[in-house]
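Student: This is target16.cif, which holds mmCIF, C-alpha atoms; chains and numbers go by the auth columns:
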```
data_coords
loop_
_atom_site.group_PDB
_atom_site.id
_atom_site.type_symbol
_atom_site.label_atom_id
_atom_site.label_comp_id
_atom_site.label_asym_id
_atom_site.label_seq_id
_atom_site.Cartn_x
_atom_site.Cartn_y
_atom_site.Cartn_z
_atom_site.B_iso_or_equiv
_atom_site.auth_seq_id
_atom_site.auth_asym_id
ATOM 1 C CA MET A 1 0.000 0.000 0.000 0.00 66 H
ATOM 2 C CA GLU A 2 1.357 3.340 -1.007 0.00 67 H
ATOM 3 C CA LYS A 3 1.594 6.032 1.627 0.00 68 H
ATOM 4 C CA LYS A 4 -0.354 9.149 0.867 0.00 69 H
ATOM 5 C CA LYS A 5 1.313 12.511 1.359 0.00 70 H
ATOM 6 C CA TYR A 6 -0.813 15.367 2.585 0.00 71 H
ATOM 7 C CA SER A 7 -0.101 19.015 2.030 0.00 72 H
ATOM 8 C CA SER A 8 -2.620 20.399 4.528 0.00 73 H
ATOM 9 C CA TYR A 9 -4.687 19.491 7.551 0.00 74 H
ATOM 10 C CA GLY A 10 -7.810 20.062 5.457 0.00 75 H
ATOM 11 C CA GLU A 11 -6.941 17.114 3.238 0.00 76 H
ATOM 12 C CA ILE A 12 -6.418 14.938 6.291 0.00 77 H
ATOM 13 C CA ASP A 13 -9.741 16.035 7.768 0.00 78 H
ATOM 14 C CA ARG A 14 -11.505 15.379 4.469 0.00 79 H
ATOM 15 C CA ASP A 15 -10.060 11.850 4.208 0.00 80 H
ATOM 16 C CA LEU A 16 -10.945 11.170 7.836 0.00 81 H
ATOM 17 C CA GLU A 17 -14.520 12.291 7.149 0.00 82 H
ATOM 18 C CA ILE A 18 -14.680 10.009 4.106 0.00 83 H
ATOM 19 C CA LEU A 19 -13.397 7.082 6.155 0.00 84 H
ATOM 20 C CA LYS A 20 -15.926 7.864 8.887 0.00 85 H
ATOM 21 C CA LEU A 21 -18.784 7.867 6.357 0.00 86 H
ATOM 22 C CA GLU A 22 -17.541 4.628 4.760 0.00 87 H
ATOM 23 C CA LYS A 23 -17.394 3.056 8.202 0.00 88 H
ATOM 24 C CA GLU A 24 -20.996 4.132 8.924 0.00 89 H
ATOM 25 C CA ILE A 25 -22.192 2.814 5.540 0.00 90 H
ATOM 26 C CA ASN A 26 -20.527 -0.552 6.145 0.00 91 H
ATOM 27 C CA TYR A 27 -22.019 -0.699 9.644 0.00 92 H
ATOM 28 C CA GLN A 28 -25.522 -0.011 8.288 0.00 93 H
ATOM 29 C CA LYS A 29 -25.031 -2.699 5.617 0.00 94 H
ATOM 30 C CA LEU A 30 -24.060 -5.133 8.352 0.00 95 H
ATOM 31 C CA VAL A 31 -27.121 -4.208 10.440 0.00 96 H
ATOM 32 C CA LEU A 32 -29.396 -4.627 7.410 0.00 97 H
ATOM 33 C CA SER A 33 -27.844 -7.972 6.567 0.00 98 H
ATOM 34 C CA PHE A 34 -28.332 -9.148 10.145 0.00 99 H
ATOM 35 C CA GLN A 35 -31.991 -8.050 10.125 0.00 100 H
ATOM 36 C CA ARG A 36 -32.651 -9.854 6.839 0.00 101 H
ATOM 37 C CA THR A 37 -30.999 -12.991 8.162 0.00 102 H
ATOM 38 C CA LYS A 38 -33.011 -12.797 11.370 0.00 103 H
ATOM 39 C CA GLU A 39 -36.240 -12.405 9.383 0.00 104 H
ATOM 40 C CA SER A 40 -35.409 -15.366 7.173 0.00 105 H
ATOM 41 C CA ILE A 41 -34.804 -17.677 10.136 0.00 106 H
ATOM 42 C CA THR A 42 -38.347 -17.921 11.459 0.00 107 H
ATOM 43 C CA PRO A 43 -39.884 -21.305 12.228 0.00 108 H
ATOM 44 C CA GLN A 44 -42.504 -20.831 9.519 0.00 109 H
ATOM 45 C CA LYS A 45 -39.930 -20.036 6.826 0.00 110 H
ATOM 46 C CA ILE A 46 -37.728 -22.940 7.892 0.00 111 H
ATOM 47 C CA VAL A 47 -40.672 -25.349 7.646 0.00 112 H
ATOM 48 C CA ASN A 48 -41.778 -23.852 4.329 0.00 113 H
ATOM 49 C CA GLY A 49 -38.256 -24.263 2.951 0.00 114 H
ATOM 50 C CA PHE A 50 -38.093 -27.853 4.174 0.00 115 H
ATOM 51 C CA VAL A 51 -41.492 -28.718 2.713 0.00 116 H
ATOM 52 C CA SER A 52 -40.839 -26.989 -0.596 0.00 117 H
ATOM 53 C CA SER A 53 -37.558 -28.837 -1.029 0.00 118 H
ATOM 54 C CA TYR A 54 -39.300 -32.211 -0.716 0.00 119 H
ATOM 55 C CA THR A 55 -42.526 -31.487 -2.625 0.00 120 H
ATOM 56 C CA GLY A 56 -40.743 -31.747 -5.974 0.00 121 H
ATOM 57 C CA TYR A 57 -39.223 -35.063 -4.994 0.00 122 H
ATOM 58 C CA ILE A 58 -42.572 -36.404 -3.777 0.00 123 H
ATOM 59 C CA LYS A 59 -44.360 -35.245 -6.934 0.00 124 H
ATOM 60 C CA LYS A 60 -41.836 -37.068 -9.109 0.00 125 H
ATOM 61 C CA SER A 61 -41.916 -40.203 -6.934 0.00 126 H
ATOM 62 C CA PHE A 62 -45.684 -40.299 -6.334 0.00 127 H
ATOM 63 C CA PRO A 63 -46.482 -42.996 -8.939 0.00 128 H
ATOM 64 C CA GLU A 64 -43.759 -45.252 -7.528 0.00 129 H
ATOM 65 C CA ILE A 65 -44.941 -44.671 -3.958 0.00 130 H
ATOM 66 C CA LEU A 66 -48.531 -45.365 -4.975 0.00 131 H
ATOM 67 C CA GLN A 67 -47.569 -48.600 -6.752 0.00 132 H
ATOM 68 C CA SER A 68 -45.776 -49.886 -3.670 0.00 133 H
ATOM 69 C CA VAL A 69 -48.379 -48.805 -1.075 0.00 134 H
ATOM 70 C CA LEU A 70 -51.600 -49.542 -2.972 0.00 135 H
ATOM 71 C CA PRO A 71 -51.440 -53.370 -2.648 0.00 136 H
ATOM 72 C CA PHE A 72 -51.090 -53.053 1.145 0.00 137 H
ATOM 73 C CA ILE A 73 -54.066 -50.704 1.356 0.00 138 H
ATOM 74 C CA ILE A 74 -56.224 -52.990 -0.792 0.00 139 H
ATOM 75 C CA SER A 75 -55.285 -56.082 1.224 0.00 140 H
ATOM 76 C CA TRP A 76 -56.016 -54.217 4.460 0.00 141 H
ATOM 77 C CA PHE A 77 -59.511 -53.306 3.228 0.00 142 H
ATOM 78 C CA ILE A 78 -60.156 -56.896 2.098 0.00 143 H
ATOM 79 C CA ASN A 79 -58.861 -58.534 5.296 0.00 144 H
ATOM 80 C CA ARG A 80 -60.270 -56.173 7.930 0.00 145 H
ATOM 81 C CA LYS A 81 -63.048 -57.347 10.181 0.00 146 H
ATOM 82 C CA ARG A 82 -66.504 -56.126 9.312 0.00 147 H
ATOM 83 C CA GLY A 83 -67.483 -54.722 12.731 0.00 148 H
ATOM 84 C CA ASP A 84 -64.457 -52.474 13.358 0.00 149 H
#
```
Rewrite the structure of this file - the entire thing - as structure tokens.
Tutor:
Amino acid sequence: MEKKKYSSYGEIDRDLEILKLEKEINYQKLVLSFQRTKESITPQKIVNGFVSSYTGYIKKSFPEILQSVLPFIISWFINRKRGD
């Protein structure tokens, strides 16, 4: 990093003010990022994300699941006792 040479205290004050404003901007970005993260980690959004990630898999696998479960359901209906 190259050292900067100043010719007056005004230049130093101006650069210090710029650095102060950059620091405040970065702090506000950090606060905003934290708030967005906090909002995205609610129980409802976690469950919705979990469910949405598996709905596509279930939709694609539904015929296979149905083919494997349907014989058990049919045999249960046939073999159950009539008074229950």
Student: In Å, how far is it from atom CA of H:Ile123 to atom CA of H:Leu135?
Tutor: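 We find that atom CA of H:Ile123 and atom CA of H:Leu135 lie 16.0 Å from each other.
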Student: What box, with edges along x, y and z, holds each listed atom of stretch 126-133 of chain H when 6 Å is added on every side, and can you state its centre and edge lengths in Å to one decimal, as lines of an AutoDock Vina configuration file?
Tutor:
```
center_x = -45.2
center_y = -45.0
center_z = -6.3
size_x = 18.6
size_y = 21.7
size_z = 17.3
```
Student: Please indicate the distance in Å from atom CA of H:Val116 to atom CA of H:Ser133, rounded to one decimal place.
Tutor: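 Atom CA of H:Ser133 lies 22.5 Å from atom CA of H:Val116.
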